[in-house]
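Okay, structure first, notes after.
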There are 2 protein chains.
Amino acid sequence: MDKRPTSRDVARAAGVSQSTVSIVLAGKAEGRVKPETRQAVREAARRLGYRPNLAARNLRLGRTRTVLLVVPTLTGPVFGPIYAGAAEVAAARGFGVVVHPWPDDAGPARSHVDTQAIEGVLASSIVGGVTDFGDLPVVMMDSDPAAPAPTINFDVAGGMRDIAGHLAGLGHRRIGHLAAAVDAWTFRVRGEALADAFPGSLIREATPIDVAAARRAALALLDRPDRPSALVCDDDLIAAGAYKAARALGLDIPGDLSVTGFDDVLLATALEPELTTVRLPAEQLGAAAMTALLELLDDRRPPGLSLPGELIARQSTAPPAA
Amino acid sequence: MDKRPTSRDVARAAGVSQSTVSIVLAGKAEGRVKPETRQAVREAARRLGYRPNLAARNLRLGRTRTVLLVVPTLTGPVFGPIYAGAAEVAAARGFGVVVHPWPDDAGPARSHVDTQAIEGVLASSIVGGVTDFGDLPVVMMDSDPAAPAPTINFDVAGGMRDIAGHLAGLGHRRIGHLAAAVDAWTFRVRGEALADAFPGSLIREATPIDVAAARRAALALLDRPDRPSALVCDDDLIAAGAYKAARALGLDIPGDLSVTGFDDVLLATALEPELTTVRLPAEQLGAAAMTALLELLDDRRPPGLSLPGELIARQSTAPPAA
DNA sequence: AGGCTTCCGTCATACGTATCACCGATCGGT
DNA sequence: ACCGATCGGTGATACGTATGACGGAAGCCT
């Protein structure tokens with residue numbers, strides 16, 4: 001571990017004082033350090049490979065220009081794009097983003113990444129409703145807008161309306177809804193959006209987001225006299241379960257049964273037939289949430305936001321049999 | 001932004017000096033501070049809600065007890081478990097883990113998380129072969145063991161042998177191999193393991209890990225006179241493409257064609273029939289890699305390691321037709 | 001010539017912690 | 001009774017940076 005050069009080393013090499021180095025490298029030399037001196041400092045810093053010591057800077061400034069992105073798990077289709085969107089916005093403002101996987105059952109923050117060395121938190125889908133990040137500014141993503149923190153959401157209601165419109169346009173009237181049992185808020189919003197579109201002709205079954213469980217729930221919906229001609233699934237994974245149920249009953253998709261998903265994960269195009277679903281603007285969500293968080297850090301109150309998804313019509317939907 | 005209490009505040013509250021607070025809270029009070037004083041300090045710290053300032057501590061100690069986990073993307077089935085395994089081992093030694101998504105095309109490290117405030121790097125599947133983390137200790141995961149850094153790998157060769165044994169046991173002789181074109185090392189290792197098991201009776205097609213591309217590659221293998229009775233796919237996603245090809249040709253799985261995957265991602269059980277594949281010990285990999293990295297930080301040279309996967313036989317494999 | 005600016009920088013200090021060097025008091029041994 | 005050791009702590013300092021206060025030199029105006 002060879003010693004890293006410090007600003008003092010740079011100062012010595014450039015023949016100036018440490019303060020000058022700090023000023024120049026911070027870009028505050030305008031009118032206070034003459035151009036040739038600036039150049040000499042920059043040159044010396046470059047030659048020595050100087051990188052400011054973050055610990056010292058953070059200590060001095062009392063701030064870290066780092067925000068935490070909390071995700072329930074690293075494994076999931078949306079978190080990559082969310083990070084990408086958030087990180088880009090953050091970088092443009094000189095902030096870094098640290099990712100912290102935080103399973104729902106993990107209890108309060110513990111890692112030394114969390115309540116310290118962090119200026120704000122971007123919390124994604126904290127199902128348990130854990131919002132206790134000390135008194136750090138928080139922006140929630142994909143969460144109940146009634147929460148005290150600003151909330152940036154996917155417009156799930158709009159997505160459901162798009163799906164409803166698509167199915168209604170194809171001629172479907174009897175709809176089965178495989179509802180994702182995740183949190184009460186999403187459950188209610190999705191249900192209401194669909195119920196508005198198909199008043200009185202909607203049957204529903206709740207299921208966890210799991211293929212086997214969804215298959216059972218789908219069987220329950222399909223195995224009845226007034227069998228729906230289309231199944232609306234709150235998640236692509238649930239749709240995969242619906243596929244299995246249909247095949248078990250000898251029903252052709254989309255001939256005998258239309259199926260829709262939600263999220264447009266990889267699975268959607270791996271299934272046969274390919275799944276009609278709604279693609280979510282994950283990258284924009286990350287960017288919007290980070291923008292909101294940075295505003296919050298500037299003591300402004302950013303408005304909540306809801307970002308529309310995009311209906312991707314593939315081969316799993318068609319007009320009903322008769 | 002109310003000021004956080006410092007160790008000096010605690011000292012005042014407990015009626016001792018700041019040094020004593022530091023000693024007590026570091027757990028180095030053995031024989032140097034009498035028990036009742038220790039108790040008083042701890043009590044005062046608790047009452048004030050004191051949390052040591054990490055920036056100051058890092059500055060003083062010159063180390064951060066933080067390592068970086070570099071992943072190519074957040075979206076992927078193995079990174080969650082890898083993180084979990086790594087984080088647990090790290091926590092037991094007082095280290096924190098920061099996740100840094102680093103797409104293959106992103107160039108050298110830039111974020112202020114990277115070459116600074118970090119003591120070591122756990123690099124996962126850096127396809128581009130970027131190993132330049134300054135002079136930080138690095139442990140590679142799932143990478144060519146010929147690299148200078150210690151390497152902790154999934155035993156892909158063993159996994160391929162397991163699959164080969166499974167298929168041979170079922171009676172298959174003509175095997176098609178849908179090889180993942182990711183990096184040269186994996187490509188070679190997988191190919192050799194399979195070639196050893198089926199000398200002379202193996203045909204191969206390379207494909208990116210992508211359903212549509214894999215479908216085309218599978219069609220190329222299946223559309224020939226000596227059609228293989230089984231397709232070995234280097235990735236579950238490739239297997240999904242093989243499923244599509246089989247369906248397009250009217251081939252039943254597993255009746256007319258056996259298919260195997262690799263990784264056991266969610267998709268494997270969402271497909272119909274469910275996919276025979278190899279489950280990788282991702283959590284152990286993370287744990288082993290972190291153990292190796294911590295040894296490296298102690299200036300020991302940890303040995304490379306290769307962790308066996310587990311064959312999961314499902315419904316996509318059966319004896320050949322005749 | 002004297003005073004007021006402007007220019008170009010330097011000095012000293014503080015952020016909060018961990019640790020090294022001390023130091024007074026008590027106690028046991030001879 | 002005096003010495004050495006042990007106990008129980010304190011004081012001072014350094015880590016590397018950013019910044020407010022200061023200040024010499026030169027130029028300009030009156």
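In the structure tokens, the first chain shown is A, the next is B, and so on; residue numbers restart at 1 for each chain, and ligands run from 1 in the order shown.
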
Write out, as JSON lines, each residue of chain C that has an atom at most 7 Å from chain A, together with the closest pair of atoms and their distance in Å to one decimal, counting only C-alpha atoms (C1' of nucleotides), rows going by chain and rising number.
{"residue": "C:DC8", "atom": "C1'", "partner": "A:Val33", "partner_atom": "CA", "distance": 5.6}
{"residue": "C:DG9", "atom": "C1'", "partner": "A:Val33", "partner_atom": "CA", "distance": 6.9}
{"residue": "C:DT10", "atom": "C1'", "partner": "A:Ser17", "partner_atom": "CA", "distance": 6.7}
{"residue": "C:DC15", "atom": "C1'", "partner": "A:Arg60", "partner_atom": "CA", "distance": 4.7}

Would you give me, as JSON lines, each residue of chain A having an atom within 9 Å of an atom of chain B, along with its shortest atom pair and that distance in Å to one decimal, using only C-alpha atoms and sorting by chain and residue number?
{"residue": "A:Met1", "atom": "CA", "partner": "B:Asp135", "partner_atom": "CA", "distance": 8.5}
{"residue": "A:Arg51", "atom": "CA", "partner": "B:Gln116", "partner_atom": "CA", "distance": 8.4}
{"residue": "A:Pro52", "atom": "CA", "partner": "B:Gln116", "partner_atom": "CA", "distance": 8.9}
{"residue": "A:Asn53", "atom": "CA", "partner": "B:Gln116", "partner_atom": "CA", "distance": 7.4}
{"residue": "A:Leu54", "atom": "CA", "partner": "B:Ala117", "partner_atom": "CA", "distance": 6.8}
{"residue": "A:Ala55", "atom": "CA", "partner": "B:Ala55", "partner_atom": "CA", "distance": 4.8}
{"residue": "A:Ala56", "atom": "CA", "partner": "B:Leu59", "partner_atom": "CA", "distance": 5.6}
{"residue": "A:Arg57", "atom": "CA", "partner": "B:Ala55", "partner_atom": "CA", "distance": 8.3}
{"residue": "A:Asn58", "atom": "CA", "partner": "B:Ala55", "partner_atom": "CA", "distance": 5.9}
{"residue": "A:Leu59", "atom": "CA", "partner": "B:Ala55", "partner_atom": "CA", "distance": 5.1}
{"residue": "A:Arg60", "atom": "CA", "partner": "B:Ala55", "partner_atom": "CA", "distance": 8.8}
{"residue": "A:Gly62", "atom": "CA", "partner": "B:Ala55", "partner_atom": "CA", "distance": 8.5}
{"residue": "A:Thr64", "atom": "CA", "partner": "B:Ala55", "partner_atom": "CA", "distance": 8.8}
{"residue": "A:Thr66", "atom": "CA", "partner": "B:Val113", "partner_atom": "CA", "distance": 8.8}
{"residue": "A:Thr73", "atom": "CA", "partner": "B:Gly80", "partner_atom": "CA", "distance": 6.0}
{"residue": "A:Leu74", "atom": "CA", "partner": "B:Gly80", "partner_atom": "CA", "distance": 4.6}
{"residue": "A:Thr75", "atom": "CA", "partner": "B:Pro77", "partner_atom": "CA", "distance": 5.3}
{"residue": "A:Gly76", "atom": "CA", "partner": "B:Thr75", "partner_atom": "CA", "distance": 5.5}
{"residue": "A:Pro77", "atom": "CA", "partner": "B:Thr75", "partner_atom": "CA", "distance": 5.3}
{"residue": "A:Val78", "atom": "CA", "partner": "B:Thr75", "partner_atom": "CA", "distance": 7.3}
{"residue": "A:Phe79", "atom": "CA", "partner": "B:Leu74", "partner_atom": "CA", "distance": 6.2}
{"residue": "A:Gly80", "atom": "CA", "partner": "B:Leu74", "partner_atom": "CA", "distance": 4.6}
{"residue": "A:Pro81", "atom": "CA", "partner": "B:Leu74", "partner_atom": "CA", "distance": 8.4}
{"residue": "A:Tyr83", "atom": "CA", "partner": "B:Pro101", "partner_atom": "CA", "distance": 8.1}
{"residue": "A:Ala84", "atom": "CA", "partner": "B:Pro101", "partner_atom": "CA", "distance": 8.5}
{"residue": "A:Ala91", "atom": "CA", "partner": "B:Ser111", "partner_atom": "CA", "distance": 8.2}
{"residue": "A:Phe95", "atom": "CA", "partner": "B:His112", "partner_atom": "CA", "distance": 8.6}
{"residue": "A:Gly96", "atom": "CA", "partner": "B:Ser111", "partner_atom": "CA", "distance": 6.2}
{"residue": "A:Val97", "atom": "CA", "partner": "B:Val113", "partner_atom": "CA", "distance": 8.1}
{"residue": "A:Val98", "atom": "CA", "partner": "B:Val98", "partner_atom": "CA", "distance": 6.4}
{"residue": "A:Val99", "atom": "CA", "partner": "B:Val99", "partner_atom": "CA", "distance": 5.2}
{"residue": "A:His100", "atom": "CA", "partner": "B:Val99", "partner_atom": "CA", "distance": 6.7}
{"residue": "A:Pro101", "atom": "CA", "partner": "B:Gly80", "partner_atom": "CA", "distance": 8.0}
{"residue": "A:Ser111", "atom": "CA", "partner": "B:Gly96", "partner_atom": "CA", "distance": 6.3}
{"residue": "A:His112", "atom": "CA", "partner": "B:Gly96", "partner_atom": "CA", "distance": 6.6}
{"residue": "A:Val113", "atom": "CA", "partner": "B:Gly96", "partner_atom": "CA", "distance": 7.2}
{"residue": "A:Gln116", "atom": "CA", "partner": "B:Leu54", "partner_atom": "CA", "distance": 6.9}
{"residue": "A:Ala117", "atom": "CA", "partner": "B:Leu54", "partner_atom": "CA", "distance": 6.8}
{"residue": "A:Asp135", "atom": "CA", "partner": "B:Met1", "partner_atom": "CA", "distance": 8.3}
{"residue": "A:Leu136", "atom": "CA", "partner": "B:Met1", "partner_atom": "CA", "distance": 8.9}
{"residue": "A:Val211", "atom": "CA", "partner": "B:Ala270", "partner_atom": "CA", "distance": 6.3}
{"residue": "A:Ala212", "atom": "CA", "partner": "B:Ala270", "partner_atom": "CA", "distance": 8.5}
{"residue": "A:Leu237", "atom": "CA", "partner": "B:Ala270", "partner_atom": "CA", "distance": 7.6}
{"residue": "A:Ala240", "atom": "CA", "partner": "B:Ala270", "partner_atom": "CA", "distance": 5.8}
{"residue": "A:Gly241", "atom": "CA", "partner": "B:Ala270", "partner_atom": "CA", "distance": 7.1}
{"residue": "A:Tyr243", "atom": "CA", "partner": "B:Glu272", "partner_atom": "CA", "distance": 8.7}
{"residue": "A:Lys244", "atom": "CA", "partner": "B:Glu272", "partner_atom": "CA", "distance": 7.1}
{"residue": "A:Arg247", "atom": "CA", "partner": "B:Glu272", "partner_atom": "CA", "distance": 8.8}
{"residue": "A:Leu266", "atom": "CA", "partner": "B:Leu267", "partner_atom": "CA", "distance": 8.7}
{"residue": "A:Leu267", "atom": "CA", "partner": "B:Leu267", "partner_atom": "CA", "distance": 6.4}
{"residue": "A:Thr269", "atom": "CA", "partner": "B:Val211", "partner_atom": "CA", "distance": 7.6}
{"residue": "A:Ala270", "atom": "CA", "partner": "B:Ala240", "partner_atom": "CA", "distance": 5.8}
{"residue": "A:Leu271", "atom": "CA", "partner": "B:Leu271", "partner_atom": "CA", "distance": 7.0}
{"residue": "A:Glu272", "atom": "CA", "partner": "B:Lys244", "partner_atom": "CA", "distance": 7.1}

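You will find CA of Gln315 in chain B at 21.5 Å from CA of Gly158 in chain B.
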
Fewer than 4 positions away in the same chain doesn't count, so skip those; otherwise give me all residues within 9 Å of Gly176 in chain A, counting only C-alpha atoms (C1' of nucleotides), as a ChimeraX atom specification. /A:201-205,218,221-222,227-233

Contacts of Gly159 in chain A at 8 Å (only C-alpha atoms (C1' of nucleotides); same-chain gap of 6+ positions) as a list of chain:residue names: A:Val278, A:Pro308, A:Gly309, A:Glu310, A:Leu311

Grab the residues selected above and save them as a compact mmCIF listing (two decimals), in the first residue's frame with N, CA and C atoms.
# COMPACT_ATOMS: atom_id res chain seq x y z
N VAL A 278 -47.48 -5.10 -20.49
CA VAL A 278 -47.22 -3.67 -20.42
C VAL A 278 -45.77 -3.46 -20.00
N PRO A 308 -46.42 6.70 -17.26
CA PRO A 308 -47.20 5.73 -18.03
C PRO A 308 -46.33 4.63 -18.62
N GLY A 309 -46.87 3.42 -18.67
CA GLY A 309 -46.21 2.30 -19.34
C GLY A 309 -46.67 2.22 -20.79
N GLU A 310 -46.29 1.16 -21.43
CA GLU A 310 -46.63 1.03 -22.85
C GLU A 310 -47.15 -0.38 -23.11
N LEU A 311 -48.32 -0.45 -23.68
CA LEU A 311 -48.90 -1.76 -23.99
C LEU A 311 -48.13 -2.41 -25.14

Residues of chain D within 10 Å of chain A, counting only C-alpha atoms (C1' of nucleotides), as a VMD selection string: chain D and resid 15 to 19

Let's have the selection written as an mmCIF file, in the first residue's frame, with N, CA and C atoms (P, O5', C5', C4', C3', O3' and C1' of nucleotides).
data_model
loop_
_atom_site.group_PDB
_atom_site.id
_atom_site.type_symbol
_atom_site.label_atom_id
_atom_site.label_comp_id
_atom_site.auth_asym_id
_atom_site.auth_seq_id
_atom_site.Cartn_x
_atom_site.Cartn_y
_atom_site.Cartn_z
ATOM 1 P P DC D 15 -0.111 13.505 9.317
ATOM 2 O "O5'" DC D 15 -1.289 12.732 8.585
ATOM 3 C "C5'" DC D 15 -1.612 11.375 8.873
ATOM 4 C "C4'" DC D 15 -3.064 11.144 8.554
ATOM 5 C "C3'" DC D 15 -3.554 11.975 7.370
ATOM 6 O "O3'" DC D 15 -3.436 11.191 6.193
ATOM 7 C "C1'" DC D 15 -5.133 11.978 9.192
ATOM 8 P P DG D 16 -2.594 11.790 4.956
ATOM 9 O "O5'" DG D 16 -3.668 12.774 4.303
ATOM 10 C "C5'" DG D 16 -4.825 12.211 3.711
ATOM 11 C "C4'" DG D 16 -5.784 13.312 3.345
ATOM 12 C "C3'" DG D 16 -5.217 14.374 2.401
ATOM 13 O "O3'" DG D 16 -6.152 14.562 1.365
ATOM 14 C "C1'" DG D 16 -6.180 15.397 4.284
ATOM 15 P P DT D 17 -5.959 15.568 0.203
ATOM 16 O "O5'" DT D 17 -7.121 16.603 0.453
ATOM 17 C "C5'" DT D 17 -8.462 16.126 0.495
ATOM 18 C "C4'" DT D 17 -9.338 17.107 1.227
ATOM 19 C "C3'" DT D 17 -9.496 18.445 0.539
ATOM 20 O "O3'" DT D 17 -10.761 18.432 -0.116
ATOM 21 C "C1'" DT D 17 -9.230 18.664 2.919
ATOM 22 P P DA D 18 -11.154 19.632 -1.082
ATOM 23 O "O5'" DA D 18 -11.717 20.735 -0.082
ATOM 24 C "C5'" DA D 18 -12.928 20.473 0.598
ATOM 25 C "C4'" DA D 18 -13.321 21.680 1.420
ATOM 26 C "C3'" DA D 18 -13.507 22.976 0.642
ATOM 27 O "O3'" DA D 18 -14.596 23.647 1.227
ATOM 28 C "C1'" DA D 18 -11.833 23.294 2.272
ATOM 29 P P DT D 19 -15.295 24.868 0.481
ATOM 30 O "O5'" DT D 19 -14.942 26.072 1.456
ATOM 31 C "C5'" DT D 19 -15.103 25.884 2.860
ATOM 32 C "C4'" DT D 19 -14.465 27.025 3.606
ATOM 33 C "C3'" DT D 19 -14.503 28.369 2.875
ATOM 34 O "O3'" DT D 19 -14.793 29.372 3.820
ATOM 35 C "C1'" DT D 19 -12.309 27.900 3.509
#

What residues in range 4-174 of chain B get the DSSP label alpha helix (DSSP H)? Please answer as number ranges by chain. B: 7-14, 18-25, 35-48, 54-61, 79-92, 156-170

Got time to write the residues from that selection, C-alpha atoms, as a PDB file, in the first residue's frame?
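Wrote again.pdb, looks like this:
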ATOM      1  CA  SER B   7     -17.613  11.469  20.802  1.00  0.00           C
ATOM      2  CA  ARG B   8     -16.817  14.632  22.679  1.00  0.00           C
ATOM      3  CA  ASP B   9     -20.464  15.168  23.497  1.00  0.00           C
ATOM      4  CA  VAL B  10     -20.574  11.665  24.857  1.00  0.00           C
ATOM      5  CA  ALA B  11     -17.436  12.326  26.854  1.00  0.00           C
ATOM      6  CA  ARG B  12     -18.950  15.415  28.416  1.00  0.00           C
ATOM      7  CA  ALA B  13     -22.143  13.578  29.239  1.00  0.00           C
ATOM      8  CA  ALA B  14     -20.272  10.711  30.836  1.00  0.00           C
ATOM      9  CA  GLN B  18     -12.923  11.933  24.514  1.00  0.00           C
ATOM     10  CA  SER B  19     -10.069   9.450  24.378  1.00  0.00           C
ATOM     11  CA  THR B  20     -11.796   7.281  26.914  1.00  0.00           C
ATOM     12  CA  VAL B  21     -14.979   7.273  24.897  1.00  0.00           C
ATOM     13  CA  SER B  22     -13.081   6.177  21.841  1.00  0.00           C
ATOM     14  CA  ILE B  23     -11.298   3.431  23.740  1.00  0.00           C
ATOM     15  CA  VAL B  24     -14.421   2.112  25.370  1.00  0.00           C
ATOM     16  CA  LEU B  25     -16.551   2.099  22.249  1.00  0.00           C
ATOM     17  CA  PRO B  35     -16.121  -1.507  34.302  1.00  0.00           C
ATOM     18  CA  GLU B  36     -18.338   1.127  35.866  1.00  0.00           C
ATOM     19  CA  THR B  37     -16.780   3.863  33.756  1.00  0.00           C
ATOM     20  CA  ARG B  38     -17.247   1.740  30.667  1.00  0.00           C
ATOM     21  CA  GLN B  39     -20.858   1.343  31.591  1.00  0.00           C
ATOM     22  CA  ALA B  40     -21.311   5.051  32.031  1.00  0.00           C
ATOM     23  CA  VAL B  41     -19.800   5.757  28.627  1.00  0.00           C
ATOM     24  CA  ARG B  42     -21.943   3.183  26.919  1.00  0.00           C
ATOM     25  CA  GLU B  43     -25.018   4.507  28.625  1.00  0.00           C
ATOM     26  CA  ALA B  44     -24.276   8.089  27.623  1.00  0.00           C
ATOM     27  CA  ALA B  45     -23.624   7.059  24.040  1.00  0.00           C
ATOM     28  CA  ARG B  46     -26.891   5.188  23.925  1.00  0.00           C
ATOM     29  CA  ARG B  47     -28.828   8.043  25.434  1.00  0.00           C
ATOM     30  CA  LEU B  48     -27.463  10.596  22.993  1.00  0.00           C
ATOM     31  CA  LEU B  54     -17.454   7.275   9.420  1.00  0.00           C
ATOM     32  CA  ALA B  55     -15.657   9.956   7.463  1.00  0.00           C
ATOM     33  CA  ALA B  56     -13.566  10.893  10.474  1.00  0.00           C
ATOM     34  CA  ARG B  57     -12.867   7.299  11.340  1.00  0.00           C
ATOM     35  CA  ASN B  58     -11.875   6.461   7.806  1.00  0.00           C
ATOM     36  CA  LEU B  59      -9.639   9.482   7.621  1.00  0.00           C
ATOM     37  CA  ARG B  60      -7.943   8.601  10.859  1.00  0.00           C
ATOM     38  CA  LEU B  61      -7.530   4.916  10.159  1.00  0.00           C
ATOM     39  CA  PHE B  79     -26.351 -11.557  -8.271  1.00  0.00           C
ATOM     40  CA  GLY B  80     -28.850 -11.445  -5.464  1.00  0.00           C
ATOM     41  CA  PRO B  81     -27.586 -14.654  -3.876  1.00  0.00           C
ATOM     42  CA  ILE B  82     -23.989 -13.742  -4.603  1.00  0.00           C
ATOM     43  CA  TYR B  83     -24.462 -10.504  -2.748  1.00  0.00           C
ATOM     44  CA  ALA B  84     -26.196 -12.233   0.118  1.00  0.00           C
ATOM     45  CA  GLY B  85     -23.383 -14.726   0.548  1.00  0.00           C
ATOM     46  CA  ALA B  86     -20.697 -12.107   0.241  1.00  0.00           C
ATOM     47  CA  ALA B  87     -22.383  -9.637   2.547  1.00  0.00           C
ATOM     48  CA  GLU B  88     -22.835 -12.185   5.297  1.00  0.00           C
ATOM     49  CA  VAL B  89     -19.188 -13.177   5.306  1.00  0.00           C
ATOM     50  CA  ALA B  90     -18.140  -9.555   5.133  1.00  0.00           C
ATOM     51  CA  ALA B  91     -20.382  -8.507   7.991  1.00  0.00           C
ATOM     52  CA  ALA B  92     -18.926 -11.183  10.220  1.00  0.00           C
ATOM     53  CA  VAL B 156     -19.178 -25.344 -15.249  1.00  0.00           C
ATOM     54  CA  ALA B 157     -17.158 -28.296 -16.510  1.00  0.00           C
ATOM     55  CA  GLY B 158     -18.571 -30.465 -13.728  1.00  0.00           C
ATOM     56  CA  GLY B 159     -22.061 -29.203 -14.473  1.00  0.00           C
ATOM     57  CA  MET B 160     -21.679 -30.067 -18.115  1.00  0.00           C
ATOM     58  CA  ARG B 161     -20.407 -33.520 -17.168  1.00  0.00           C
ATOM     59  CA  ASP B 162     -23.439 -34.022 -14.940  1.00  0.00           C
ATOM     60  CA  ILE B 163     -25.714 -33.132 -17.813  1.00  0.00           C
ATOM     61  CA  ALA B 164     -23.789 -35.373 -20.188  1.00  0.00           C
ATOM     62  CA  GLY B 165     -24.026 -38.250 -17.725  1.00  0.00           C
ATOM     63  CA  HIS B 166     -27.744 -37.682 -17.277  1.00  0.00           C
ATOM     64  CA  LEU B 167     -28.389 -37.717 -21.015  1.00  0.00           C
ATOM     65  CA  ALA B 168     -26.069 -40.662 -21.638  1.00  0.00           C
ATOM     66  CA  GLY B 169     -27.856 -42.572 -18.898  1.00  0.00           C
ATOM     67  CA  LEU B 170     -31.153 -41.952 -20.658  1.00  0.00           C
TER      68      LEU B 170
END

What is the C1' of DT19 in chain C to CA of Pro5 in chain B distance in Å? 21.3 Å
